[in-house]
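Worksheet: one structure, shown below.
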Amino acid sequence: MQKIFTLILRAHAIFGCCLYAGPSIALDTLKINQPIVFEAGADRLSEFSVCLSKGTFASVEVVQLGIDVKATLFRPDGTQLDVFDSPNDDAGEELVVIAADTTGCYKIEVAPFQTKKRNRGQCMISLIALDSNRNHYLDQVLTHLHGRGHVPGFRVSIANQSGTQYEYVAGYANLKEHIPFTGETYFSLESISKTFIGISLLMLKEEGKIDLDDDINQYLPFKVQNPHRPNSKISLRHLATHSAAINDGGEYNKACWITQEQSIDYRAFPKQVRKELKSLDGNRPGTLEAFMQSFFVPGGEAYSKSNFFKRPAGEEWYYSNVGSSLAALIIENISGMPYYEFVSQRIWKPLGLEDFRWHWDLDSARQRSERYALNDIVFPDVQCATYPDGGVMANGDVLNAYLRLWMTAGEGRQKILSESSWSEIMKGHFVQDSGRFQGIVNGLFWWHFSDGRMGHNGGSYGLNANMFFYPASKTGYTTVENISINESIDVMMQSRHLRQILQHIVPHYAALNVDDTGI
């Protein structure tokens, strides 16, 4: 049974029937989903406090109505816990997430940014989710996010080494046919697909067939040379950590083509997306090796000196789909098998993960989510010769099983890698210590984040997917949304707040579990 908690507000303004405090402090209780409007301005400070017992979860939403504010959260002892601010200017929502690790009153301070545009306006605050049962809390807050209506369909799952602990699915995989998004709905993993390149490289390393620090040219049928740094070696480690000085640029689109035959009304898409999609028109289907040669060999259709950065390999991080697929081509050449077959036969089959599918192999019996732009526009089907960088399809169940594989370093399944090789993939191999991407830490096709999270994400036209876990608690999450986070500021904020909830709750999922045992 849900406990009773109190949100005590201290505000310095009132509109209509709402709370007002002049020189003195007034107290009031904010009831679930009963918003209160208040005035925010440079000459006033609005403070609210949520009194919670240890192990309780709460979310407070601050809606900006003409003024850009940030919300700062403080622990009961007065120490600052977090700052919640989204890049949505003076409209939209700020979401405060509280996972109470101690009993007491958590203060929320709402303050405006000092801008010439406007320094006073209204805001609305509401307690939108509150529960001591973590899964019930998640149901509340995710239902609220879904109610914003900016994402056609999405799925959220939390898992630990034992299995799935929580799942939430909402919306539609196909709006026109009213087909709901479910745990069985297939979707593209996009760049999460790159993690199979990392596993493949370590399998070949264990067999003594490659060295991660060798010059890649000894594994290729053509020569790859940075024209700006002709004496700079590029290694497999450079490719796997996105530090090989390879620039995808505009030439990457030459690797992809539209597979559907019916005509496409490009005018329905936003200008930038329209331009990129139209650039695929006329592209012919091609192979991985053929595109790599055209990109890296002088005289090739996609070759340009600008395909390389001027700094030598190993000095600067820059994300590269082409570099990732070049590593997959090396796997082909060393193994003697097409990359897709290597992954299917050497990884998926022995691990019992055969429900993974390549994009072109998904049979009609398996429901696939459409990929949406704004206004319910469906993106055309696109395939790429560089399929290793994003061509894997999955449903939620198999993605969760894959996440657990990483959390356990393959324990309990057929051993395709030693524990030390799993660790080798996941450890930090490259750190960007300056410049635009300062702070980036890469394993071998693997991400590290300052909050202790590791894993990979992926996104493209009409799709956003995440797979992360926290080694300290052996708990992680997966998400998928069938719209790109870049479609609009509203979509970006809904997606951002979804991740924000998970990044605050999942690290403490087990420690703050006081009333339930999951599912």
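Quick note on naming: the chains in the structure tokens go A, B, ... in the order shown, residues restart at 1 in each chain, and ligands are numbered from 1 in order of appearance.
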
Taking 6 positions as the minimum chain separation for residues in the same chain, which residues sit within 6 Å of range 380-388 of chain A when counting only C-alpha atoms? Answer as a PyMOL selection string.
chain A and resi 255-259+286-288+325

Tell me which protein, DNA and RNA residues are within 6 Å of range 75-89 of chain A, counting only C-alpha atoms, leaving out same-chain ones fewer than 5 positions away, and put them as a ChimeraX atom specification.
/A:68,70,104-106

For those residues, write N, CA, C and O atoms to a file as an mmCIF file, in the first residue's frame.
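The result, stored in part_0.cif:
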data_model
loop_
_atom_site.group_PDB
_atom_site.id
_atom_site.type_symbol
_atom_site.label_atom_id
_atom_site.label_comp_id
_atom_site.auth_asym_id
_atom_site.auth_seq_id
_atom_site.Cartn_x
_atom_site.Cartn_y
_atom_site.Cartn_z
ATOM 1 N N ASP A 68 12.644 30.585 -18.987
ATOM 2 C CA ASP A 68 13.550 29.450 -18.933
ATOM 3 C C ASP A 68 14.071 29.299 -17.509
ATOM 4 O O ASP A 68 14.699 30.218 -16.963
ATOM 5 N N LYS A 70 15.734 26.464 -14.320
ATOM 6 C CA LYS A 70 16.371 25.194 -13.982
ATOM 7 C C LYS A 70 15.916 24.812 -12.582
ATOM 8 O O LYS A 70 15.569 25.677 -11.765
ATOM 9 N N GLY A 104 13.799 12.059 4.752
ATOM 10 C CA GLY A 104 13.846 13.494 5.022
ATOM 11 C C GLY A 104 13.203 14.285 3.909
ATOM 12 O O GLY A 104 12.563 13.736 3.013
ATOM 13 N N CYS A 105 13.385 15.609 3.951
ATOM 14 C CA CYS A 105 12.775 16.500 2.974
ATOM 15 C C CYS A 105 13.804 16.942 1.933
ATOM 16 O O CYS A 105 14.821 17.548 2.285
ATOM 17 N N TYR A 106 13.516 16.637 0.689
ATOM 18 C CA TYR A 106 14.379 16.992 -0.434
ATOM 19 C C TYR A 106 13.892 18.313 -1.012
ATOM 20 O O TYR A 106 12.744 18.442 -1.427
#

Range 108-231 of chain A: which residues are strand (DSSP E) by DSSP, as a ChimeraX atom specification?
/A:108-112,120-131,153-160,163-174,179-180,187-188

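In this structure, CA of Asp139 in chain A sits 16.5 Å away from CA of Val480 in chain A.
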
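Between Glu424 in chain A and the candidates A:Glu354, A:Glu206, A:Asp101, A:Glu61, the tightest atom-to-atom separation, counting only C-alpha atoms, involves A:Glu206.
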
Pull the alpha helix (DSSP H) assignments for range 160-398 of chain A out of DSSP run on the backbone, and list those residues as an NGL selection string.
:A and (195-206 or 236-240 or 271-278 or 288-296 or 321-335 or 339-343 or 349-351 or 396-398)

List as a ChimeraX atom specification the protein and nucleic acid residues near His228 in chain A, meaning an atom at most 10 Å away when only C-alpha atoms are counted, but skip any in the same chain fewer than 4 places from it.
/A:232,305-306,308-312

What would the file look like if the residues just selected were written as a CSV table (one decimal), in the first residue's frame with all heavy atoms?
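Writing the result to part-v8.csv gives the following:
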chain,number,residue,atom,x,y,z
A,232,SER,N,51.5,7.5,-40.9
A,232,SER,CA,50.8,7.2,-39.6
A,232,SER,C,50.1,5.9,-39.8
A,232,SER,O,49.3,5.7,-40.7
A,232,SER,CB,49.8,8.3,-39.3
A,232,SER,OG,49.0,8.0,-38.2
A,305,LYS,N,40.2,13.2,-50.1
A,305,LYS,CA,41.2,13.4,-49.0
A,305,LYS,C,40.5,13.8,-47.8
A,305,LYS,O,41.0,13.6,-46.7
A,305,LYS,CB,42.2,14.5,-49.5
A,305,LYS,CG,43.2,14.1,-50.5
A,305,LYS,CD,44.2,15.1,-50.8
A,305,LYS,CE,45.3,14.7,-51.8
A,305,LYS,NZ,46.3,15.7,-52.0
A,306,SER,N,39.3,14.4,-47.9
A,306,SER,CA,38.5,14.8,-46.7
A,306,SER,C,37.9,13.6,-46.0
A,306,SER,O,37.2,13.7,-45.0
A,306,SER,CB,37.4,15.8,-47.1
A,306,SER,OG,36.5,15.2,-48.0
A,308,PHE,N,39.6,11.7,-44.5
A,308,PHE,CA,40.5,11.5,-43.4
A,308,PHE,C,40.7,12.9,-42.7
A,308,PHE,O,40.7,13.9,-43.4
A,308,PHE,CB,41.9,11.1,-43.8
A,308,PHE,CG,41.9,9.7,-44.4
A,308,PHE,CD1,41.6,9.5,-45.8
A,308,PHE,CD2,42.1,8.6,-43.7
A,308,PHE,CE1,41.6,8.2,-46.3
A,308,PHE,CE2,42.1,7.3,-44.2
A,308,PHE,CZ,41.9,7.1,-45.6
A,309,PHE,N,40.9,12.9,-41.4
A,309,PHE,CA,41.3,14.1,-40.7
A,309,PHE,C,42.8,14.3,-40.7
A,309,PHE,O,43.5,13.3,-41.0
A,309,PHE,CB,40.8,14.0,-39.2
A,309,PHE,CG,39.3,14.0,-39.0
A,309,PHE,CD1,38.6,12.8,-38.8
A,309,PHE,CD2,38.6,15.2,-39.2
A,309,PHE,CE1,37.3,12.8,-38.6
A,309,PHE,CE2,37.2,15.2,-39.1
A,309,PHE,CZ,36.5,14.0,-38.8
A,310,LYS,N,43.2,15.5,-40.4
A,310,LYS,CA,44.6,15.8,-40.6
A,310,LYS,C,45.5,15.3,-39.4
A,310,LYS,O,46.7,15.2,-39.6
A,310,LYS,CB,44.8,17.3,-40.8
A,310,LYS,CG,44.2,17.8,-42.1
A,310,LYS,CD,44.5,19.2,-42.4
A,310,LYS,CE,43.9,19.7,-43.7
A,310,LYS,NZ,44.2,21.1,-44.0
A,311,ARG,N,44.9,15.0,-38.3
A,311,ARG,CA,45.7,14.5,-37.2
A,311,ARG,C,45.9,13.0,-37.3
A,311,ARG,O,45.1,12.3,-37.9
A,311,ARG,CB,45.0,14.8,-35.9
A,311,ARG,CG,44.8,16.3,-35.6
A,311,ARG,CD,44.3,16.6,-34.2
A,311,ARG,NE,45.2,16.3,-33.2
A,311,ARG,CZ,45.0,16.5,-31.9
A,311,ARG,NH1,43.9,17.1,-31.5
A,311,ARG,NH2,46.0,16.2,-31.0
A,312,PRO,N,47.0,12.5,-36.8
A,312,PRO,CA,47.3,11.1,-37.0
A,312,PRO,C,46.4,10.2,-36.2
A,312,PRO,O,45.8,10.7,-35.2
A,312,PRO,CB,48.8,11.0,-36.5
A,312,PRO,CG,49.0,12.1,-35.6
A,312,PRO,CD,48.1,13.2,-36.1

Find the residues near Gly163 in chain A: any atom within 8 Å, counting only C-alpha atoms, skip ones fewer than 6 places away on the same chain, and give them as a ChimeraX atom specification.
/A:400-401,404

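For His456 in chain A, the non-local neighbours within 8 Å, defined as residues at least 5 positions apart in the same chain or in other chains and counting only C-alpha atoms, are A:Ser191, A:Ile192, A:Thr195, A:Phe445, A:Trp446, A:Trp447, A:Asn466, A:Met467, A:Phe468.
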
Can you pull out the residues contacting range 269-274 of chain A? Cut-off 10 Å, using only C-alpha atoms, and skip same-chain residues under 3 positions away; I want them as a ChimeraX atom specification.
/A:265-266,277-279,373-375,377-379,461,487

Please list as a PyMOL selection string every residue within 9 Å of Val392 in chain A, counting only C-alpha atoms and excluding residues in the same chain fewer than 5 positions away.
chain A and resi 187-193+356-359+387

Expected file contents, prior selection, all heavy atoms, as a JSON list (two decimals), in the first residue's frame:
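Once everything was written out, this is part.json:
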[["chain", "number", "residue", "atom", "x", "y", "z"],
["A", 187, "PHE", "N", 12.84, -4.25, -34.04],
["A", 187, "PHE", "CA", 13.32, -2.92, -34.37],
["A", 187, "PHE", "C", 14.81, -3.01, -34.68],
["A", 187, "PHE", "O", 15.47, -4.01, -34.36],
["A", 187, "PHE", "CB", 13.09, -1.94, -33.22],
["A", 187, "PHE", "CG", 13.58, -2.45, -31.89],
["A", 187, "PHE", "CD1", 14.90, -2.26, -31.48],
["A", 187, "PHE", "CD2", 12.73, -3.14, -31.04],
["A", 187, "PHE", "CE1", 15.36, -2.74, -30.26],
["A", 187, "PHE", "CE2", 13.18, -3.62, -29.81],
["A", 187, "PHE", "CZ", 14.50, -3.43, -29.43],
["A", 188, "SER", "N", 15.33, -1.99, -35.31],
["A", 188, "SER", "CA", 16.76, -1.96, -35.64],
["A", 188, "SER", "C", 17.57, -1.57, -34.42],
["A", 188, "SER", "O", 17.21, -0.64, -33.70],
["A", 188, "SER", "CB", 17.02, -0.98, -36.78],
["A", 188, "SER", "OG", 18.41, -0.84, -37.00],
["A", 189, "LEU", "N", 18.67, -2.27, -34.20],
["A", 189, "LEU", "CA", 19.58, -1.89, -33.11],
["A", 189, "LEU", "C", 20.45, -0.71, -33.49],
["A", 189, "LEU", "O", 21.13, -0.14, -32.64],
["A", 189, "LEU", "CB", 20.48, -3.07, -32.74],
["A", 189, "LEU", "CG", 19.82, -4.31, -32.16],
["A", 189, "LEU", "CD1", 20.89, -5.28, -31.69],
["A", 189, "LEU", "CD2", 18.88, -3.96, -31.01],
["A", 190, "GLU", "N", 20.47, -0.37, -34.78],
["A", 190, "GLU", "CA", 21.36, 0.69, -35.26],
["A", 190, "GLU", "C", 22.78, 0.45, -34.74],
["A", 190, "GLU", "O", 23.29, -0.63, -34.86],
["A", 190, "GLU", "CB", 20.80, 2.06, -34.87],
["A", 190, "GLU", "CG", 19.48, 2.38, -35.56],
["A", 190, "GLU", "CD", 19.56, 2.42, -37.07],
["A", 190, "GLU", "OE1", 20.63, 2.83, -37.60],
["A", 190, "GLU", "OE2", 18.58, 2.05, -37.72],
["A", 191, "SER", "N", 23.40, 1.42, -34.09],
["A", 191, "SER", "CA", 24.83, 1.29, -33.76],
["A", 191, "SER", "C", 25.12, 0.33, -32.61],
["A", 191, "SER", "O", 26.29, -0.01, -32.39],
["A", 191, "SER", "CB", 25.42, 2.67, -33.45],
["A", 191, "SER", "OG", 25.54, 3.42, -34.63],
["A", 192, "ILE", "N", 24.11, -0.16, -31.91],
["A", 192, "ILE", "CA", 24.35, -1.24, -30.95],
["A", 192, "ILE", "C", 24.90, -2.45, -31.71],
["A", 192, "ILE", "O", 25.63, -3.28, -31.15],
["A", 192, "ILE", "CB", 23.06, -1.60, -30.19],
["A", 192, "ILE", "CG1", 22.59, -0.41, -29.35],
["A", 192, "ILE", "CG2", 23.27, -2.80, -29.27],
["A", 192, "ILE", "CD1", 21.25, -0.62, -28.67],
["A", 193, "SER", "N", 24.59, -2.53, -33.01],
["A", 193, "SER", "CA", 25.12, -3.60, -33.86],
["A", 193, "SER", "C", 26.65, -3.66, -33.82],
["A", 193, "SER", "O", 27.24, -4.73, -34.02],
["A", 193, "SER", "CB", 24.67, -3.40, -35.31],
["A", 193, "SER", "OG", 23.27, -3.30, -35.42],
["A", 356, "PHE", "N", 18.03, -12.84, -32.97],
["A", 356, "PHE", "CA", 18.61, -11.71, -33.68],
["A", 356, "PHE", "C", 18.46, -11.97, -35.18],
["A", 356, "PHE", "O", 18.51, -13.12, -35.63],
["A", 356, "PHE", "CB", 20.10, -11.55, -33.36],
["A", 356, "PHE", "CG", 20.40, -10.79, -32.10],
["A", 356, "PHE", "CD1", 21.12, -11.38, -31.07],
["A", 356, "PHE", "CD2", 19.95, -9.49, -31.93],
["A", 356, "PHE", "CE1", 21.41, -10.68, -29.92],
["A", 356, "PHE", "CE2", 20.23, -8.78, -30.77],
["A", 356, "PHE", "CZ", 20.96, -9.38, -29.76],
["A", 357, "ARG", "N", 18.27, -10.92, -35.94],
["A", 357, "ARG", "CA", 18.14, -11.05, -37.38],
["A", 357, "ARG", "C", 18.90, -9.92, -38.07],
["A", 357, "ARG", "O", 19.00, -8.82, -37.53],
["A", 357, "ARG", "CB", 16.67, -10.98, -37.82],
["A", 357, "ARG", "CG", 15.84, -12.21, -37.49],
["A", 357, "ARG", "CD", 16.24, -13.38, -38.38],
["A", 357, "ARG", "NE", 15.35, -14.52, -38.20],
["A", 357, "ARG", "CZ", 15.46, -15.43, -37.25],
["A", 357, "ARG", "NH1", 16.41, -15.32, -36.34],
["A", 357, "ARG", "NH2", 14.63, -16.46, -37.20],
["A", 358, "TRP", "N", 19.41, -10.19, -39.25],
["A", 358, "TRP", "CA", 19.91, -9.12, -40.09],
["A", 358, "TRP", "C", 18.73, -8.42, -40.75],
["A", 358, "TRP", "O", 17.68, -9.03, -40.98],
["A", 358, "TRP", "CB", 20.88, -9.67, -41.14],
["A", 358, "TRP", "CG", 22.14, -10.17, -40.51],
["A", 358, "TRP", "CD1", 22.50, -11.47, -40.33],
["A", 358, "TRP", "CD2", 23.19, -9.37, -39.94],
["A", 358, "TRP", "NE1", 23.71, -11.55, -39.69],
["A", 358, "TRP", "CE2", 24.15, -10.27, -39.43],
["A", 358, "TRP", "CE3", 23.41, -8.00, -39.81],
["A", 358, "TRP", "CZ2", 25.32, -9.84, -38.81],
["A", 358, "TRP", "CZ3", 24.57, -7.57, -39.18],
["A", 358, "TRP", "CH2", 25.51, -8.47, -38.69],
["A", 359, "HIS", "N", 18.91, -7.16, -41.06],
["A", 359, "HIS", "CA", 17.82, -6.33, -41.57],
["A", 359, "HIS", "C", 17.10, -6.98, -42.74],
["A", 359, "HIS", "O", 15.88, -7.01, -42.80],
["A", 359, "HIS", "CB", 18.40, -4.97, -41.98],
["A", 359, "HIS", "CG", 17.38, -3.98, -42.40],
["A", 359, "HIS", "ND1", 16.87, -3.92, -43.68],
["A", 359, "HIS", "CD2", 16.75, -2.98, -41.71],
["A", 359, "HIS", "CE1", 15.98, -2.95, -43.77],
["A", 359, "HIS", "NE2", 15.90, -2.36, -42.59],
["A", 387, "TYR", "N", 26.52, -2.48, -43.60],
["A", 387, "TYR", "CA", 25.54, -3.04, -42.66],
["A", 387, "TYR", "C", 26.12, -3.43, -41.31],
["A", 387, "TYR", "O", 25.39, -3.43, -40.30],
["A", 387, "TYR", "CB", 24.86, -4.26, -43.31],
["A", 387, "TYR", "CG", 25.77, -5.45, -43.46],
["A", 387, "TYR", "CD1", 25.88, -6.40, -42.45],
["A", 387, "TYR", "CD2", 26.55, -5.62, -44.60],
["A", 387, "TYR", "CE1", 26.73, -7.49, -42.58],
["A", 387, "TYR", "CE2", 27.40, -6.69, -44.73],
["A", 387, "TYR", "CZ", 27.49, -7.64, -43.71],
["A", 387, "TYR", "OH", 28.34, -8.70, -43.83]]
